[in-house]
>>> print(open('upload-v8.cif').read())   # mmCIF, C-alpha atoms
data_protein
loop_
_atom_site.label_atom_id
_atom_site.label_comp_id
_atom_site.auth_asym_id
_atom_site.auth_seq_id
_atom_site.Cartn_x
_atom_site.Cartn_y
_atom_site.Cartn_z
CA MET O 1 -12.74 74.19 -123.94
CA LEU O 2 -14.46 71.12 -122.55
CA GLY O 3 -12.23 68.91 -124.73
CA ALA O 4 -9.12 70.68 -123.44
CA LEU O 5 -10.34 70.27 -119.86
CA LEU O 6 -11.09 66.57 -120.41
CA GLY O 7 -7.72 66.04 -122.11
CA TRP O 8 -6.02 67.77 -119.20
CA LEU O 9 -7.95 65.57 -116.73
CA GLY O 10 -7.04 62.55 -118.83
CA SER O 11 -3.36 63.36 -118.46
CA PHE O 12 -3.81 62.52 -114.77
CA LEU O 13 -6.28 59.67 -115.15
CA THR O 14 -6.09 56.54 -117.22
CA LEU O 15 -9.40 55.17 -118.40
CA SER O 16 -8.87 51.43 -118.09
CA PRO O 17 -10.75 49.09 -120.44
CA MET O 18 -12.80 47.93 -117.44
CA THR O 19 -13.84 51.52 -116.62
CA ARG O 20 -14.60 52.14 -120.28
CA ALA O 21 -16.67 48.92 -120.43
CA MET O 22 -18.68 49.90 -117.37
CA LEU O 23 -19.20 53.38 -118.85
CA MET O 24 -20.38 51.89 -122.16
CA ILE O 25 -22.74 49.45 -120.42
CA ALA O 26 -24.21 52.27 -118.31
CA ILE O 27 -24.63 54.48 -121.39
CA GLY O 28 -26.19 51.57 -123.33
CA ILE O 29 -28.73 50.91 -120.56
CA PHE O 30 -29.46 54.64 -120.37
CA MET O 31 -30.10 54.79 -124.14
CA ILE O 32 -32.30 51.66 -124.14
CA GLY O 33 -34.25 52.99 -121.13
CA ASN O 34 -34.83 56.28 -122.92
CA ALA O 35 -35.97 54.53 -126.10
CA LEU O 36 -38.46 52.45 -124.08
CA ARG O 37 -39.60 55.67 -122.38
CA MET O 38 -40.26 57.20 -125.80
CA PHE O 39 -42.28 54.10 -126.75
CA ASN O 40 -44.34 54.55 -123.54
CA VAL O 41 -43.66 50.96 -122.54
CA HIS O 42 -44.05 51.56 -118.78
CA PRO O 43 -44.19 54.67 -116.54
CA ILE O 44 -41.01 53.48 -114.74
CA PHE O 45 -38.97 54.36 -117.86
CA ARG O 46 -39.85 58.05 -117.35
CA TYR O 47 -37.13 58.05 -114.70
CA PHE O 48 -34.54 57.63 -117.47
CA SER O 49 -35.27 61.23 -118.39
CA ILE O 50 -33.13 63.37 -116.12
CA GLU O 51 -35.03 66.22 -114.47
CA PRO O 52 -32.53 68.93 -113.62
CA PRO O 53 -33.00 70.75 -110.29
CA LYS O 54 -35.55 73.53 -110.45
CA PHE O 55 -33.07 76.35 -109.79
CA ILE O 56 -31.09 75.26 -112.86
CA THR O 57 -34.13 75.04 -115.17
CA ARG O 58 -35.32 78.44 -113.93
CA TYR O 59 -31.87 79.93 -114.55
CA ILE O 60 -31.69 78.42 -118.07
CA ARG O 61 -35.23 79.62 -118.86
CA ARG O 62 -34.51 83.17 -117.79
CA THR O 63 -31.09 83.26 -119.45
CA ALA O 64 -32.57 81.95 -122.71
CA LYS O 65 -34.76 85.06 -122.88
CA GLY O 66 -31.73 87.30 -122.67
CA THR O 67 -30.61 89.20 -125.71
CA ASP O 68 -26.98 89.80 -124.78
CA THR O 69 -24.17 88.04 -126.63
CA ALA O 70 -23.47 85.70 -123.71
CA THR O 71 -26.90 83.99 -124.04
CA PRO O 72 -26.28 81.99 -127.26
CA LEU O 73 -22.77 81.17 -126.04
CA PHE O 74 -24.13 79.87 -122.72
CA LEU O 75 -26.87 77.80 -124.41
CA GLY O 76 -24.42 76.47 -127.01
CA ALA O 77 -22.00 75.42 -124.28
CA LEU O 78 -24.80 73.47 -122.59
CA THR O 79 -25.32 71.25 -125.66
CA VAL O 80 -22.20 69.23 -124.87
CA PHE O 81 -23.84 68.23 -121.57
CA ILE O 82 -26.81 66.68 -123.37
CA PRO O 83 -27.12 63.13 -121.96
CA CYS O 84 -26.39 61.60 -125.38
CA GLY O 85 -24.44 58.35 -125.56
CA VAL O 86 -22.35 59.39 -128.56
CA THR O 87 -21.43 62.72 -126.94
CA GLN O 88 -20.47 61.00 -123.71
CA ALA O 89 -18.46 58.38 -125.58
CA MET O 90 -16.62 61.22 -127.35
CA MET O 91 -16.02 62.92 -124.00
CA ALA O 92 -14.60 59.66 -122.68
CA THR O 93 -12.35 59.47 -125.76
CA ALA O 94 -11.20 63.08 -125.16
CA LEU O 95 -10.45 62.05 -121.58
CA GLY O 96 -8.55 59.07 -122.95
CA THR O 97 -6.27 61.22 -125.14
CA GLY O 98 -4.54 62.53 -122.03
CA SER O 99 -3.60 65.69 -123.93
CA VAL O 100 -5.06 69.20 -123.73
CA VAL O 101 -4.50 69.91 -127.45
CA MET O 102 -5.76 66.51 -128.66
CA GLY O 103 -8.81 66.63 -126.35
CA ALA O 104 -9.71 70.13 -127.56
CA ALA O 105 -9.17 69.19 -131.23
CA LEU O 106 -11.29 66.03 -130.86
CA MET O 107 -14.24 67.80 -129.23
CA PHE O 108 -13.97 70.70 -131.71
CA ALA O 109 -14.12 68.27 -134.66
CA PHE O 110 -17.02 66.41 -133.03
CA VAL O 111 -19.05 69.59 -132.40
CA LEU O 112 -18.30 70.86 -135.92
CA GLY O 113 -19.30 67.54 -137.48
CA THR O 114 -22.50 67.06 -135.49
CA SER O 115 -23.75 70.68 -135.69
CA PRO O 116 -25.55 70.20 -139.04
CA VAL O 117 -27.25 67.06 -137.65
CA PHE O 118 -28.39 68.87 -134.49
CA PHE O 119 -29.60 71.77 -136.62
CA VAL O 120 -31.70 69.48 -138.86
CA VAL O 121 -33.12 67.58 -135.85
CA ALA O 122 -34.02 70.85 -134.05
CA TYR O 123 -35.57 72.22 -137.26
CA LEU O 124 -37.61 69.07 -137.86
CA THR O 125 -38.93 68.91 -134.28
CA THR O 126 -40.05 72.54 -134.34
CA GLU O 127 -41.42 72.67 -137.88
CA LEU O 128 -43.14 69.33 -138.21
CA GLY O 129 -46.82 69.04 -137.43
CA SER O 130 -47.81 67.10 -134.31
CA ARG O 131 -48.65 63.97 -136.33
CA LEU O 132 -45.37 63.97 -138.20
CA GLU O 133 -43.58 64.84 -134.97
CA LYS O 134 -44.98 61.67 -133.39
CA LEU O 135 -43.69 59.62 -136.33
CA PHE O 136 -40.33 61.37 -136.13
CA MET O 137 -40.07 60.65 -132.40
CA ARG O 138 -40.85 56.97 -133.09
CA PHE O 139 -38.06 56.94 -135.63
CA VAL O 140 -35.68 58.57 -133.12
CA ALA O 141 -36.72 55.98 -130.50
CA VAL O 142 -35.94 53.10 -132.90
CA VAL O 143 -32.52 54.58 -133.74
CA LEU O 144 -31.84 55.15 -130.03
CA LEU O 145 -32.85 51.58 -129.21
CA ILE O 146 -30.48 50.18 -131.86
CA LEU O 147 -27.60 52.44 -130.77
CA GLY O 148 -28.30 51.51 -127.14
CA PHE O 149 -27.97 47.79 -127.90
CA VAL O 150 -24.82 48.40 -129.99
CA THR O 151 -23.25 50.40 -127.12
CA LEU O 152 -24.28 47.82 -124.52
CA ASP O 153 -22.89 45.04 -126.72
CA GLY O 154 -19.61 46.96 -127.15
CA GLY O 155 -19.36 47.30 -123.37
CA LEU O 156 -19.91 43.56 -122.92
CA ASN O 157 -17.19 42.89 -125.51
CA VAL O 158 -14.69 45.12 -123.72
CA LEU O 159 -15.62 43.35 -120.50
CA GLY O 160 -14.77 40.04 -122.23
CA SER O 161 -18.25 38.68 -121.63
CA PRO O 162 -19.28 35.57 -123.57
CA LEU O 163 -22.82 36.99 -123.48
CA SER O 164 -22.18 39.76 -125.99
CA PHE O 165 -24.07 39.41 -129.28
CA GLN O 166 -20.86 38.94 -131.29
CA ASN O 167 -19.44 36.34 -128.92
CA LEU O 168 -22.74 34.47 -128.70
CA THR O 169 -23.26 34.34 -132.45
CA ARG O 170 -19.66 33.75 -133.56
CA ASN O 171 -19.89 30.01 -133.11
CA LEU O 172 -23.39 29.81 -134.56
CA LEU O 173 -22.45 31.40 -137.84
CA PRO O 174 -20.38 29.04 -139.97
CA SER O 175 -18.48 31.86 -141.67
CA ASN O 176 -17.02 32.93 -138.36
CA SER O 177 -16.22 29.66 -136.71
CA ASP O 178 -14.60 26.40 -137.73
CA SER O 179 -15.10 26.86 -141.43
CA ALA O 180 -13.06 30.06 -141.24
CA PRO O 181 -9.91 29.26 -143.13
CA VAL O 182 -7.75 28.56 -140.13
CA ALA O 183 -5.42 26.57 -142.36
CA GLU O 184 -4.87 29.65 -144.49
CA SER O 185 -4.37 31.80 -141.44
CA PRO O 186 -0.82 32.86 -140.67
CA GLN O 187 -0.88 31.02 -137.37
CA LEU O 188 0.36 27.77 -138.93
CA SER O 189 3.42 29.39 -140.42
CA THR O 190 4.67 30.55 -137.04
CA PRO O 191 6.94 28.53 -134.77
CA GLU O 192 5.51 26.15 -132.19
CA GLY O 193 4.23 27.89 -129.08
CA GLU O 194 3.36 30.97 -131.09
CA ILE O 195 0.11 32.07 -132.67
CA THR O 196 -0.35 34.99 -134.99
CA LEU O 197 -3.18 37.42 -135.41
CA ASN O 198 -3.40 39.98 -138.19
CA VAL O 199 -4.79 43.28 -136.98
CA GLU O 200 -6.46 44.89 -139.98
CA ASP O 201 -8.49 48.04 -140.48
CA ASN O 202 -11.76 46.10 -140.50
CA GLY O 203 -10.98 43.67 -137.68
CA TYR O 204 -8.94 40.67 -136.65
CA VAL O 205 -7.97 37.86 -139.04
CA PRO O 206 -8.73 35.12 -138.28
CA SER O 207 -11.46 36.00 -135.82
CA THR O 208 -11.13 32.55 -134.25
CA LEU O 209 -7.66 31.28 -133.36
CA LYS O 210 -7.06 27.75 -132.13
CA ALA O 211 -4.29 27.05 -129.68
CA PRO O 212 -3.07 24.12 -127.57
CA ALA O 213 -4.28 24.08 -123.97
CA GLY O 214 -1.95 23.86 -120.97
CA LYS O 215 0.99 25.67 -122.59
CA VAL O 216 2.38 29.14 -122.29
CA LEU O 217 1.96 30.80 -125.68
CA THR O 218 3.15 33.89 -127.47
CA LEU O 219 0.57 35.80 -129.43
CA ASN O 220 2.05 37.83 -132.29
CA LEU O 221 -0.07 40.83 -133.17
CA ILE O 222 0.80 42.05 -136.65
CA THR O 223 -0.25 45.45 -137.94
CA ASN O 224 0.44 46.66 -141.44
CA GLN O 225 -0.64 50.25 -142.02
CA THR O 226 -3.57 49.71 -139.68
CA TYR O 227 -5.25 52.92 -138.63
CA SER O 228 -8.63 51.80 -137.24
CA CYS O 229 -9.53 51.28 -133.58
CA ALA O 230 -8.58 47.59 -134.05
CA ARG O 231 -5.09 48.80 -133.04
CA ASP O 232 -6.40 49.52 -129.55
CA PHE O 233 -6.10 45.87 -128.55
CA VAL O 234 -7.62 44.42 -125.37
CA ILE O 235 -7.69 40.94 -123.83
CA PRO O 236 -10.09 41.57 -120.94
CA ALA O 237 -9.51 38.28 -119.06
CA LEU O 238 -5.74 38.97 -118.93
CA ASP O 239 -6.24 42.65 -118.15
CA TYR O 240 -4.06 43.30 -121.21
CA TYR O 241 -4.42 46.62 -123.01
CA GLN O 242 -2.06 47.98 -125.68
CA LEU O 243 -2.20 50.58 -128.42
CA LEU O 244 -0.37 48.78 -131.22
CA PRO O 245 1.93 50.61 -133.65
CA ASP O 246 0.33 51.23 -137.08
CA THR O 247 2.91 48.88 -138.61
CA GLY O 248 4.85 46.27 -136.72
CA THR O 249 4.64 43.23 -134.46
CA VAL O 250 3.82 43.14 -130.77
CA GLN O 251 4.18 39.96 -128.75
CA VAL O 252 1.85 39.06 -125.91
CA SER O 253 2.57 36.25 -123.50
CA ILE O 254 -0.51 34.12 -122.91
CA PRO O 255 -0.41 31.99 -119.76
CA ALA O 256 -1.42 28.32 -119.98
CA GLN O 257 -5.19 27.95 -120.37
CA GLU O 258 -7.50 25.04 -119.58
CA LYS O 259 -8.72 22.77 -122.36
CA GLY O 260 -12.04 23.93 -123.77
CA SER O 261 -11.62 27.47 -122.47
CA THR O 262 -11.95 30.55 -124.64
CA LEU O 263 -10.09 33.83 -124.41
CA PHE O 264 -11.93 36.75 -125.98
CA PHE O 265 -10.12 39.74 -127.45
CA THR O 266 -11.51 42.99 -128.75
CA CYS O 267 -10.71 46.56 -129.69
CA SER O 268 -11.12 49.05 -126.86
CA MET O 269 -14.46 50.22 -128.28
CA GLY O 270 -15.88 46.69 -128.44
CA MET O 271 -16.44 46.97 -132.20
CA TYR O 272 -14.00 44.36 -133.50
CA THR O 273 -13.77 41.08 -131.65
CA GLY O 274 -12.30 37.61 -131.83
CA GLN O 275 -11.42 34.62 -129.70
CA ILE O 276 -8.71 32.09 -128.97
CA VAL O 277 -10.11 28.61 -128.40
CA PHE O 278 -7.87 26.25 -126.41
CA GLU O 279 -8.01 22.61 -127.44
CA MET L 1 -45.77 65.51 -121.22
CA THR L 2 -43.30 63.46 -123.21
CA CYS L 3 -40.01 64.52 -121.62
CA SER L 4 -38.42 66.70 -118.95
CA ASN L 5 -38.40 69.60 -121.39
CA CYS L 6 -42.23 69.59 -121.33
CA ALA L 7 -42.08 70.10 -117.56
CA MET L 8 -39.75 73.06 -118.15
CA LYS L 9 -42.15 74.50 -120.73
CA LEU L 10 -45.04 74.26 -118.28
CA GLU L 11 -42.99 75.83 -115.50
CA SER L 12 -42.40 78.80 -117.79
CA LEU L 13 -46.04 79.76 -117.05
CA GLU L 14 -44.51 81.16 -113.86
CA ASP L 15 -43.19 84.06 -115.96
CA THR L 16 -46.32 84.76 -117.98
CA LEU L 17 -49.38 83.93 -115.87
CA GLU L 18 -50.26 86.69 -113.44
CA GLY L 19 -51.07 85.50 -109.94
CA VAL L 20 -48.76 82.48 -110.03
CA LYS L 21 -46.41 82.15 -107.07
CA GLU L 22 -44.63 78.93 -107.96
CA ILE L 23 -44.99 76.00 -110.36
CA ASN L 24 -43.43 72.59 -109.91
CA ALA L 25 -44.01 70.35 -112.92
CA SER L 26 -42.77 66.77 -112.95
CA TYR L 27 -42.50 64.61 -116.04
CA HIS L 28 -41.76 61.59 -113.84
CA LYS L 29 -45.11 61.92 -112.04
CA LEU L 30 -46.97 63.58 -114.94
CA GLU L 31 -48.22 66.29 -112.62
CA MET L 32 -47.94 69.99 -112.09
CA VAL L 33 -48.30 71.59 -108.68
CA ILE L 34 -49.14 75.26 -108.85
CA GLU L 35 -49.27 77.74 -106.03
CA PHE L 36 -51.30 80.81 -106.97
CA ASP L 37 -53.29 83.77 -105.75
CA GLU L 38 -56.98 82.75 -106.02
CA SER L 39 -58.07 86.38 -106.17
CA LYS L 40 -56.14 86.85 -109.43
CA LEU L 41 -56.36 83.45 -111.10
CA THR L 42 -58.86 80.58 -111.45
CA ASP L 43 -58.45 76.86 -112.11
CA GLU L 44 -60.07 77.31 -115.51
CA GLN L 45 -57.58 80.00 -116.54
CA ILE L 46 -54.70 77.74 -115.57
CA VAL L 47 -56.14 74.78 -117.52
CA ALA L 48 -56.60 77.08 -120.53
CA ALA L 49 -53.01 78.36 -120.27
CA VAL L 50 -51.73 74.79 -120.13
CA LYS L 51 -53.80 73.93 -123.21
CA GLU L 52 -52.29 76.90 -125.01
CA LYS L 53 -48.86 75.40 -124.37
CA GLY L 54 -50.03 72.24 -126.14
CA TYR L 55 -50.90 70.05 -123.14
CA GLN L 56 -54.03 68.81 -121.42
CA ALA L 57 -54.62 69.40 -117.73
CA VAL L 58 -57.31 68.39 -115.24
CA ALA L 59 -57.62 70.33 -111.99
CA VAL L 60 -57.67 68.08 -108.92
#
>>> encode(input="upload-v8.cif", output="structure tokens")
Amino acid sequence: MLGALLGWLGSFLTLSPMTRAMLMIAIGIFMIGNALRMFNVHPIFRYFSIEPPKFITRYIRRTAKGTDTATPLFLGALTVFIPCGVTQAMMATALGTGSVVMGAALMFAFVLGTSPVFFVVAYLTTELGSRLEKLFMRFVAVVLLILGFVTLDGGLNVLGSPLSFQNLTRNLLPSNSDSAPVAESPQLSTPEGEITLNVEDNGYVPSTLKAPAGKVLTLNLITNQTYSCARDFVIPALDYYQLLPDTGTVQVSIPAQEKGSTLFFTCSMGMYTGQIVFE
Amino acid sequence: MTCSNCAMKLESLEDTLEGVKEINASYHKLEMVIEFDESKLTDEQIVAAVKEKGYQAVAV
């Protein structure tokens, strides 16, 4: 029902990459703050734990004691409002579908898929002894911290920030920079004034494109049975956002760029990234 | 207390401890403010009830 509602809302709203980036950054900070709270780093991090208003907690507490059939349904419905980054990201995706049916199907699949995990986590936290529970909570905090950084990094990628982990390290790692086989890349086989990027299931090839500065260019985006989120192509600095066809070519006009500048591109989730370096 | 849920658990003493008028527990401040009828309940009984819930309390 929530998915259908979000999909319906999404049919009126369009979640721009910038909005999505800001949402991801906020969620990432929230997750990192909560992980640091669980590690007891500083009392200030306790404020990352949301304290619902008292009338709500009292209502939940008293409803939870009820034995009628509506009680488990009510409590189950509340689980989708858990301030969990993955859940919120999925809700944002449902919003992004812009369709009642797709939104409902997406959230249904998500709830179905995560139910066993939630069940195991709930079972472990109630059945484990206090010592093991402490260890388990440490483990959860570590996982949360990692996921928080991954989400924050994804948000920075979608924002086109050079400060994201992937953009900072790309030029440090030889496999991703100049030694990448640019000569073997399809960009040299394309006419002058055009560069070509292969959009594959596991990312963009090559991840670093080189292009002449000061000239208007055409970027050819080639997909060939590509079904991953790499198809959801974003160039943040140009405010360009396009869902590419699973197979085909899409051309993007790139305005003239200054020598030495870099244009970052990414998928809309900030998972797959790459750059065009202007020389 | 380790999370907001602990505050909720402590506030549930409202339903079980006779003589309690209102409980406001805060995880952010790590404190619990309890309004109660002194003729029916003592500080010691409250501290014991909190301990039973798995927490430690000091009356101030």
>>> interface_residues(input="upload-v8.cif", of="chain O", to="chain L", cutoff="8 Å", atoms="all atoms listed in the file", output="number ranges by chain")
O: 38, 43, 46-47, 49-51, 54, 57, 61
>>> residues_near_point(input="upload-v8.cif", point="(-9.9, 66.8, -121.6)", cutoff="9 Å", atoms="only C-alpha atoms", output="number ranges by chain")
O: 1-11, 91-104, 107
>>> atom_distance(input="upload-v8.cif", atom1="atom CA of Asn220 of chain O", atom2="atom CA of Thr249 of chain O")
6.4 Å
>>> atom_distance(input="upload-v8.cif", atom1="atom CA of Ile222 of chain O", atom2="atom CA of Ile195 of chain O")
10.8 Å
>>> residues_around(input="upload-v8.cif", residues="Leu13 of chain L", least_positions_apart="3", cutoff="10 Å", atoms="all atoms listed in the file", output="count of residues only")
14
>>> resolve_selection(input="upload-v8.cif", expression="the PyMOL selection byres ((chain O and resi 209) around 7)", output="list in words")
Pro206, Ser207, Thr208, Lys210, Ala211, Gln275, Ile276 and Val277 of chain O
>>> write_last_selection(input="upload-v8.cif", atoms="C-alpha atoms", output="mmCIF file, keeping the file's coordinate frame")
data_model
loop_
_atom_site.group_PDB
_atom_site.id
_atom_site.type_symbol
_atom_site.label_atom_id
_atom_site.label_comp_id
_atom_site.auth_asym_id
_atom_site.auth_seq_id
_atom_site.Cartn_x
_atom_site.Cartn_y
_atom_site.Cartn_z
ATOM 1 C CA PRO O 206 -8.730 35.120 -138.280
ATOM 2 C CA SER O 207 -11.460 36.000 -135.820
ATOM 3 C CA THR O 208 -11.130 32.550 -134.250
ATOM 4 C CA LYS O 210 -7.060 27.750 -132.130
ATOM 5 C CA ALA O 211 -4.290 27.050 -129.680
ATOM 6 C CA GLN O 275 -11.420 34.620 -129.700
ATOM 7 C CA ILE O 276 -8.710 32.090 -128.970
ATOM 8 C CA VAL O 277 -10.110 28.610 -128.400
#
>>> atom_distance(input="upload-v8.cif", atom1="atom CA of Leu135 of chain O", atom2="atom CA of Phe39 of chain O")
11.1 Å
>>> resolve_selection(input="upload-v8.cif", expression="the PyMOL selection byres ((chain L and resi 59) around 8)", output="ChimeraX atom specification")
/L:43,47,57-58,60
>>> residues_around(input="upload-v8.cif", residues="Asn40 of chain O", least_positions_apart="3", cutoff="12 Å", atoms="all atoms listed in the file", output="ChimeraX atom specification")
/O:33-37,43-48,137-138,141 /L:1-3
>>> residues_near_point(input="upload-v8.cif", point="(-1.3, 34.0, -118.8)", cutoff="12 Å", atoms="all atoms listed in the file", output="PDB file with C-alpha atoms, keeping the file's coordinate frame")
ATOM      1  CA  ALA O 213      -4.280  24.080-123.970  1.00  0.00           C
ATOM      2  CA  GLY O 214      -1.950  23.860-120.970  1.00  0.00           C
ATOM      3  CA  LYS O 215       0.990  25.670-122.590  1.00  0.00           C
ATOM      4  CA  VAL O 216       2.380  29.140-122.290  1.00  0.00           C
ATOM      5  CA  LEU O 217       1.960  30.800-125.680  1.00  0.00           C
ATOM      6  CA  THR O 218       3.150  33.890-127.470  1.00  0.00           C
ATOM      7  CA  LEU O 219       0.570  35.800-129.430  1.00  0.00           C
ATOM      8  CA  ILE O 235      -7.690  40.940-123.830  1.00  0.00           C
ATOM      9  CA  PRO O 236     -10.090  41.570-120.940  1.00  0.00           C
ATOM     10  CA  ALA O 237      -9.510  38.280-119.060  1.00  0.00           C
ATOM     11  CA  LEU O 238      -5.740  38.970-118.930  1.00  0.00           C
ATOM     12  CA  ASP O 239      -6.240  42.650-118.150  1.00  0.00           C
ATOM     13  CA  TYR O 240      -4.060  43.300-121.210  1.00  0.00           C
ATOM     14  CA  VAL O 252       1.850  39.060-125.910  1.00  0.00           C
ATOM     15  CA  SER O 253       2.570  36.250-123.500  1.00  0.00           C
ATOM     16  CA  ILE O 254      -0.510  34.120-122.910  1.00  0.00           C
ATOM     17  CA  PRO O 255      -0.410  31.990-119.760  1.00  0.00           C
ATOM     18  CA  ALA O 256      -1.420  28.320-119.980  1.00  0.00           C
ATOM     19  CA  GLN O 257      -5.190  27.950-120.370  1.00  0.00           C
ATOM     20  CA  GLU O 258      -7.500  25.040-119.580  1.00  0.00           C
ATOM     21  CA  LEU O 263     -10.090  33.830-124.410  1.00  0.00           C
TER      22      LEU O 263
END
>>> axis_aligned_box(input="upload-v8.cif", around="segment 24-43 of chain L", padding_each_side="5 Å", output="JSON")
{"center_x": -50.3, "center_y": 74.2, "center_z": -110.9, "size_x": 27.1, "size_y": 35.3, "size_z": 20.3}
>>> residues_around(input="upload-v8.cif", residues="Ile146 of chain O", least_positions_apart="6", cutoff="10 Å", atoms="all atoms listed in the file", output="list in words")
Gly28, Met31, Ile32, Ala35, Val140 and Leu152 of chain O
>>> closest_residue(input="upload-v8.cif", among="O:Phe265, O:Ala105, O:Phe118, O:Gly155", to="Leu23 of chain O", atoms="all atoms listed in the file")
O:Gly155
>>> decode(input="upload-v8.cif", residues="segment 16-32 of chain L", atoms="C-alpha atoms", output="PDB file, in the first residue's frame")
ATOM      1  CA  THR L  16       2.410  -1.894  35.574  1.00  0.00           C
ATOM      2  CA  LEU L  17       3.636   0.077  38.593  1.00  0.00           C
ATOM      3  CA  GLU L  18       0.820   1.099  40.897  1.00  0.00           C
ATOM      4  CA  GLY L  19       0.991   4.698  42.071  1.00  0.00           C
ATOM      5  CA  VAL L  20       2.676   6.039  38.938  1.00  0.00           C
ATOM      6  CA  LYS L  21       1.024   9.081  37.392  1.00  0.00           C
ATOM      7  CA  GLU L  22       3.364   9.730  34.484  1.00  0.00           C
ATOM      8  CA  ILE L  23       6.806   8.680  33.255  1.00  0.00           C
ATOM      9  CA  ASN L  24       8.948  10.594  30.802  1.00  0.00           C
ATOM     10  CA  ALA L  25      12.093   8.691  29.872  1.00  0.00           C
ATOM     11  CA  SER L  26      14.662  10.214  27.539  1.00  0.00           C
ATOM     12  CA  TYR L  27      17.432   8.286  25.830  1.00  0.00           C
ATOM     13  CA  HIS L  28      18.979  11.567  24.672  1.00  0.00           C
ATOM     14  CA  LYS L  29      19.433  12.763  28.269  1.00  0.00           C
ATOM     15  CA  LEU L  30      19.729   9.284  29.822  1.00  0.00           C
ATOM     16  CA  GLU L  31      17.146  10.202  32.426  1.00  0.00           C
ATOM     17  CA  MET L  32      13.695   9.227  33.531  1.00  0.00           C
TER      18      MET L  32
END
